[in-house]
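K.L.:
Below you'll find the structure I mean.
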Amino acid sequence: MRAARYHEYGDTTVLTVEEAPDPAPGPGEIRVRVTAASVNPVDWKVRSGAVRDFLPVALPAIPGRDAVGVVDELGAGVHGVAVGDRVFGLGGVTGATAELAVLSAWAPAPAAWSDAEAAGAALASVTALSGLKTLGPLSGRTLLIEGAAGGVGGAAVEIAAAQGATVIGTAGEHNHAFLAALGAVPTTYGTGLAERLADLAPNGIDLVLDAAGSGSLDALVEIAGDPARVVTVTDHHNAERLGTRVANAVNDSAWLAEAAALGEQGRYTPRVERTYPLEEIAKAHAHSESGHVRGKIVVVI
């Protein structure tokens, strides 16, 4: 199969497109013929070697955690899915950006989602759901999402709004119309946030989800009034210091099905900023690393 690979840790120049061995699904896994895979910050952090101490990978490695495709082989003990089904889902830390990929968690891809949208759904939605579920019931609550225009933040806005929350999202001014379209009340991040929130939410902020990891966790705890009302999906270091909760992505087929159900209802649509062909995997990674991303970056296989 053709795949994006890197044989050593490094910058985007280590990425190449080449022939690689076909993977085989193990027990409880499926293999899909990939139509598109997303690029997430974890992909280039792993590729660069920055997180090798706790996320080591065997080299050469294929970047990518989530993809959409058509099932072409079932592992032992797999039920409820058939060869030919179109699914989106998650594999390991690596392996998705290739013609064939093995998934350990999956759900049927909503017909309304394009391949690019479905490719961008899995990791973003389970990360968002992990954070939101950690916060508890959302109906009738006012939720602040820091970094609401990114892949995880955007998913969290739509999912939280569907659950009855009033969502206020932070982003640069150029993304405010985008946030409003997702269902959030937009505001800018940084200095003066507490004062802006006093006008937007005069009864206060009930809960906070940090999807930015921009170093603002101290200010978010102060806004919430209690570290127990704040969850971060990115800032592990400061969370430990402040006593806030951390939520991590989980390869959970039930959570993927929950996101897909919202997709079927038209209440969650993964937002794709740009797609790249497989041959431009290095450009896709460079775009993600730039930090100037609204929604998802997707590689079309």
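The chains in the structure tokens are called A, B, ... from first to last as shown; in each chain the residues are counted from 1, and the ligands are counted from 1 in the order shown.
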Just list as a PyMOL selection string whatever in stretch 195-256 of chain A DSSP marks as alpha helix (DSSP H).

P.N.:
chain A and resi 195-200+217-224+236-242+253-256

K.L.:
Any chance you could tabulate, as JSON lines, the residues of stretch 117-151 of chain A at most 7 Å from stretch 160-180 of chain A with each one's nearest atom pair and distance in Å to one decimal, using only C-alpha atoms, in chain and rising number order?

P.N.:
{"residue": "A:Leu138", "atom": "CA", "partner": "A:Ala165", "partner_atom": "CA", "distance": 5.2}
{"residue": "A:Ser139", "atom": "CA", "partner": "A:Gly164", "partner_atom": "CA", "distance": 4.2}
{"residue": "A:Gly140", "atom": "CA", "partner": "A:Ala165", "partner_atom": "CA", "distance": 5.4}
{"residue": "A:Arg141", "atom": "CA", "partner": "A:Ala165", "partner_atom": "CA", "distance": 5.1}
{"residue": "A:Thr142", "atom": "CA", "partner": "A:Thr166", "partner_atom": "CA", "distance": 4.7}
{"residue": "A:Leu143", "atom": "CA", "partner": "A:Val167", "partner_atom": "CA", "distance": 4.9}
{"residue": "A:Leu144", "atom": "CA", "partner": "A:Ile168", "partner_atom": "CA", "distance": 4.8}
{"residue": "A:Ile145", "atom": "CA", "partner": "A:Gly169", "partner_atom": "CA", "distance": 4.8}
{"residue": "A:Glu146", "atom": "CA", "partner": "A:Thr170", "partner_atom": "CA", "distance": 5.1}
{"residue": "A:Gly147", "atom": "CA", "partner": "A:Thr170", "partner_atom": "CA", "distance": 5.5}
{"residue": "A:Ala148", "atom": "CA", "partner": "A:Gly169", "partner_atom": "CA", "distance": 5.1}
{"residue": "A:Ala149", "atom": "CA", "partner": "A:Ala171", "partner_atom": "CA", "distance": 6.0}

K.L.:
Could you write out the selected residues, including all heavy atoms, as a tab-separated table (two decimals), in the first residue's frame?

P.N.:
chain	number	residue	atom	x	y	z
A	138	LEU	N	-24.82	19.48	31.18
A	138	LEU	CA	-24.60	20.78	30.56
A	138	LEU	C	-25.89	21.57	30.35
A	138	LEU	O	-25.85	22.79	30.17
A	138	LEU	CB	-23.92	20.60	29.20
A	138	LEU	CG	-22.53	19.95	29.21
A	138	LEU	CD1	-22.01	19.80	27.79
A	138	LEU	CD2	-21.56	20.78	30.05
A	139	SER	N	-27.02	20.90	30.35
A	139	SER	CA	-28.28	21.58	30.08
A	139	SER	C	-28.51	22.72	31.06
A	139	SER	O	-28.44	22.54	32.29
A	139	SER	CB	-29.44	20.59	30.15
A	139	SER	OG	-30.67	21.24	29.86
A	140	GLY	N	-28.76	23.91	30.52
A	140	GLY	CA	-29.03	25.07	31.35
A	140	GLY	C	-27.80	25.73	31.94
A	140	GLY	O	-27.92	26.72	32.66
A	141	ARG	N	-26.62	25.20	31.64
A	141	ARG	CA	-25.38	25.77	32.18
A	141	ARG	C	-24.74	26.69	31.16
A	141	ARG	O	-24.92	26.53	29.95
A	141	ARG	CB	-24.38	24.66	32.54
A	141	ARG	CG	-24.95	23.48	33.28
A	141	ARG	CD	-25.56	23.84	34.63
A	141	ARG	NE	-24.59	24.31	35.61
A	141	ARG	CZ	-23.81	23.51	36.34
A	141	ARG	NH1	-23.86	22.19	36.16
A	141	ARG	NH2	-22.98	24.01	37.23
A	142	THR	N	-23.95	27.63	31.64
A	142	THR	CA	-23.17	28.51	30.78
A	142	THR	C	-21.74	28.00	30.75
A	142	THR	O	-21.07	27.94	31.79
A	142	THR	CB	-23.20	29.97	31.27
A	142	THR	OG1	-24.56	30.43	31.24
A	142	THR	CG2	-22.36	30.86	30.36
A	143	LEU	N	-21.30	27.62	29.56
A	143	LEU	CA	-20.00	26.97	29.37
A	143	LEU	C	-19.09	27.88	28.57
A	143	LEU	O	-19.45	28.34	27.49
A	143	LEU	CB	-20.18	25.64	28.64
A	143	LEU	CG	-18.92	24.96	28.09
A	143	LEU	CD1	-18.04	24.47	29.24
A	143	LEU	CD2	-19.31	23.79	27.18
A	144	LEU	N	-17.89	28.13	29.10
A	144	LEU	CA	-16.86	28.86	28.37
A	144	LEU	C	-15.90	27.85	27.76
A	144	LEU	O	-15.38	26.97	28.46
A	144	LEU	CB	-16.09	29.79	29.30
A	144	LEU	CG	-14.85	30.47	28.70
A	144	LEU	CD1	-15.25	31.45	27.60
A	144	LEU	CD2	-14.04	31.17	29.80
A	145	ILE	N	-15.67	27.95	26.44
A	145	ILE	CA	-14.69	27.09	25.77
A	145	ILE	C	-13.55	27.97	25.29
A	145	ILE	O	-13.74	28.85	24.45
A	145	ILE	CB	-15.32	26.32	24.59
A	145	ILE	CG1	-16.43	25.41	25.09
A	145	ILE	CG2	-14.25	25.52	23.85
A	145	ILE	CD1	-17.14	24.62	24.00
A	146	GLU	N	-12.39	27.73	25.83
A	146	GLU	CA	-11.18	28.46	25.43
A	146	GLU	C	-10.57	27.74	24.23
A	146	GLU	O	-10.30	26.54	24.29
A	146	GLU	CB	-10.19	28.49	26.60
A	146	GLU	CG	-8.86	29.16	26.29
A	146	GLU	CD	-8.86	30.67	26.50
A	146	GLU	OE1	-9.86	31.30	26.14
A	146	GLU	OE2	-7.85	31.19	27.00
A	147	GLY	N	-10.36	28.47	23.14
A	147	GLY	CA	-9.85	27.85	21.92
A	147	GLY	C	-10.96	27.16	21.15
A	147	GLY	O	-10.84	26.01	20.74
A	148	ALA	N	-12.06	27.87	20.93
A	148	ALA	CA	-13.27	27.25	20.39
A	148	ALA	C	-13.26	27.09	18.88
A	148	ALA	O	-14.16	26.44	18.33
A	148	ALA	CB	-14.50	28.05	20.81
A	149	ALA	N	-12.29	27.67	18.18
A	149	ALA	CA	-12.30	27.60	16.72
A	149	ALA	C	-11.49	26.43	16.17
A	149	ALA	O	-11.54	26.15	14.98
A	149	ALA	CB	-11.78	28.90	16.12

K.L.:
Can you pull out the residues contacting A:Arg267? Cut-off 8 Å, using only C-alpha atoms, and skip same-chain residues under 3 positions away; I want them as a VMD selection string.

P.N.:
chain A and resid 158 to 159 162 262 to 264

K.L.:
Would you save the residues of that selection, restricted to all heavy atoms, as a PDB file, in the first residue's frame?

P.N.:
ATOM      1  N   GLU A 158     -20.427  22.561  19.252  1.00  0.00           N
ATOM      2  CA  GLU A 158     -21.650  21.991  18.690  1.00  0.00           C
ATOM      3  C   GLU A 158     -22.255  20.935  19.598  1.00  0.00           C
ATOM      4  O   GLU A 158     -23.483  20.860  19.762  1.00  0.00           O
ATOM      5  CB  GLU A 158     -21.358  21.412  17.308  1.00  0.00           C
ATOM      6  CG  GLU A 158     -21.069  22.478  16.261  1.00  0.00           C
ATOM      7  CD  GLU A 158     -21.221  21.940  14.857  1.00  0.00           C
ATOM      8  OE1 GLU A 158     -20.210  21.442  14.319  1.00  0.00           O
ATOM      9  OE2 GLU A 158     -22.336  22.016  14.304  1.00  0.00           O
ATOM     10  N   ILE A 159     -21.415  20.079  20.180  1.00  0.00           N
ATOM     11  CA  ILE A 159     -21.927  19.016  21.042  1.00  0.00           C
ATOM     12  C   ILE A 159     -22.541  19.600  22.309  1.00  0.00           C
ATOM     13  O   ILE A 159     -23.621  19.181  22.760  1.00  0.00           O
ATOM     14  CB  ILE A 159     -20.810  18.011  21.373  1.00  0.00           C
ATOM     15  CG1 ILE A 159     -20.377  17.269  20.101  1.00  0.00           C
ATOM     16  CG2 ILE A 159     -21.267  17.016  22.436  1.00  0.00           C
ATOM     17  CD1 ILE A 159     -19.116  16.448  20.261  1.00  0.00           C
ATOM     18  N   ALA A 162     -25.841  21.231  21.547  1.00  0.00           N
ATOM     19  CA  ALA A 162     -26.864  20.203  21.335  1.00  0.00           C
ATOM     20  C   ALA A 162     -27.367  19.633  22.656  1.00  0.00           C
ATOM     21  O   ALA A 162     -28.504  19.148  22.730  1.00  0.00           O
ATOM     22  CB  ALA A 162     -26.302  19.082  20.459  1.00  0.00           C
ATOM     23  N   LEU A 262     -25.419  12.771  16.374  1.00  0.00           N
ATOM     24  CA  LEU A 262     -25.599  14.217  16.237  1.00  0.00           C
ATOM     25  C   LEU A 262     -25.383  14.646  14.788  1.00  0.00           C
ATOM     26  O   LEU A 262     -26.055  15.552  14.292  1.00  0.00           O
ATOM     27  CB  LEU A 262     -24.631  14.962  17.165  1.00  0.00           C
ATOM     28  CG  LEU A 262     -24.907  14.834  18.668  1.00  0.00           C
ATOM     29  CD1 LEU A 262     -23.793  15.500  19.464  1.00  0.00           C
ATOM     30  CD2 LEU A 262     -26.253  15.449  19.028  1.00  0.00           C
ATOM     31  N   GLY A 263     -24.447  13.977  14.113  1.00  0.00           N
ATOM     32  CA  GLY A 263     -24.222  14.261  12.707  1.00  0.00           C
ATOM     33  C   GLY A 263     -25.434  13.922  11.865  1.00  0.00           C
ATOM     34  O   GLY A 263     -25.807  14.685  10.961  1.00  0.00           O
ATOM     35  N   GLU A 264     -26.051  12.808  12.146  1.00  0.00           N
ATOM     36  CA  GLU A 264     -27.255  12.406  11.414  1.00  0.00           C
ATOM     37  C   GLU A 264     -28.388  13.406  11.616  1.00  0.00           C
ATOM     38  O   GLU A 264     -29.212  13.634  10.727  1.00  0.00           O
ATOM     39  CB  GLU A 264     -27.707  11.011  11.859  1.00  0.00           C
ATOM     40  CG  GLU A 264     -26.773   9.870  11.466  1.00  0.00           C
ATOM     41  CD  GLU A 264     -26.878   9.495   9.996  1.00  0.00           C
ATOM     42  OE1 GLU A 264     -27.602  10.189   9.235  1.00  0.00           O
ATOM     43  OE2 GLU A 264     -26.226   8.512   9.600  1.00  0.00           O
TER      44      GLU A 264
END

K.L.:
If we count only C-alpha atoms and set the cut-off at 7 Å, which residues sit around stretch 231-241 of chain A, ignoring sequence neighbours fewer than 5 positions away in its own chain? Please answer as a count of residues only.

P.N.:
12

K.L.:
As a VMD selection string, list the residues of stretch 43-181 of chain A assigned to strand (DSSP E or B) by DSSP on the backbone atoms of this structure.

P.N.:
chain A and resid 61 66 to 74 86 to 90 98 100 to 103 105 to 108 142 to 146 150 166 to 170
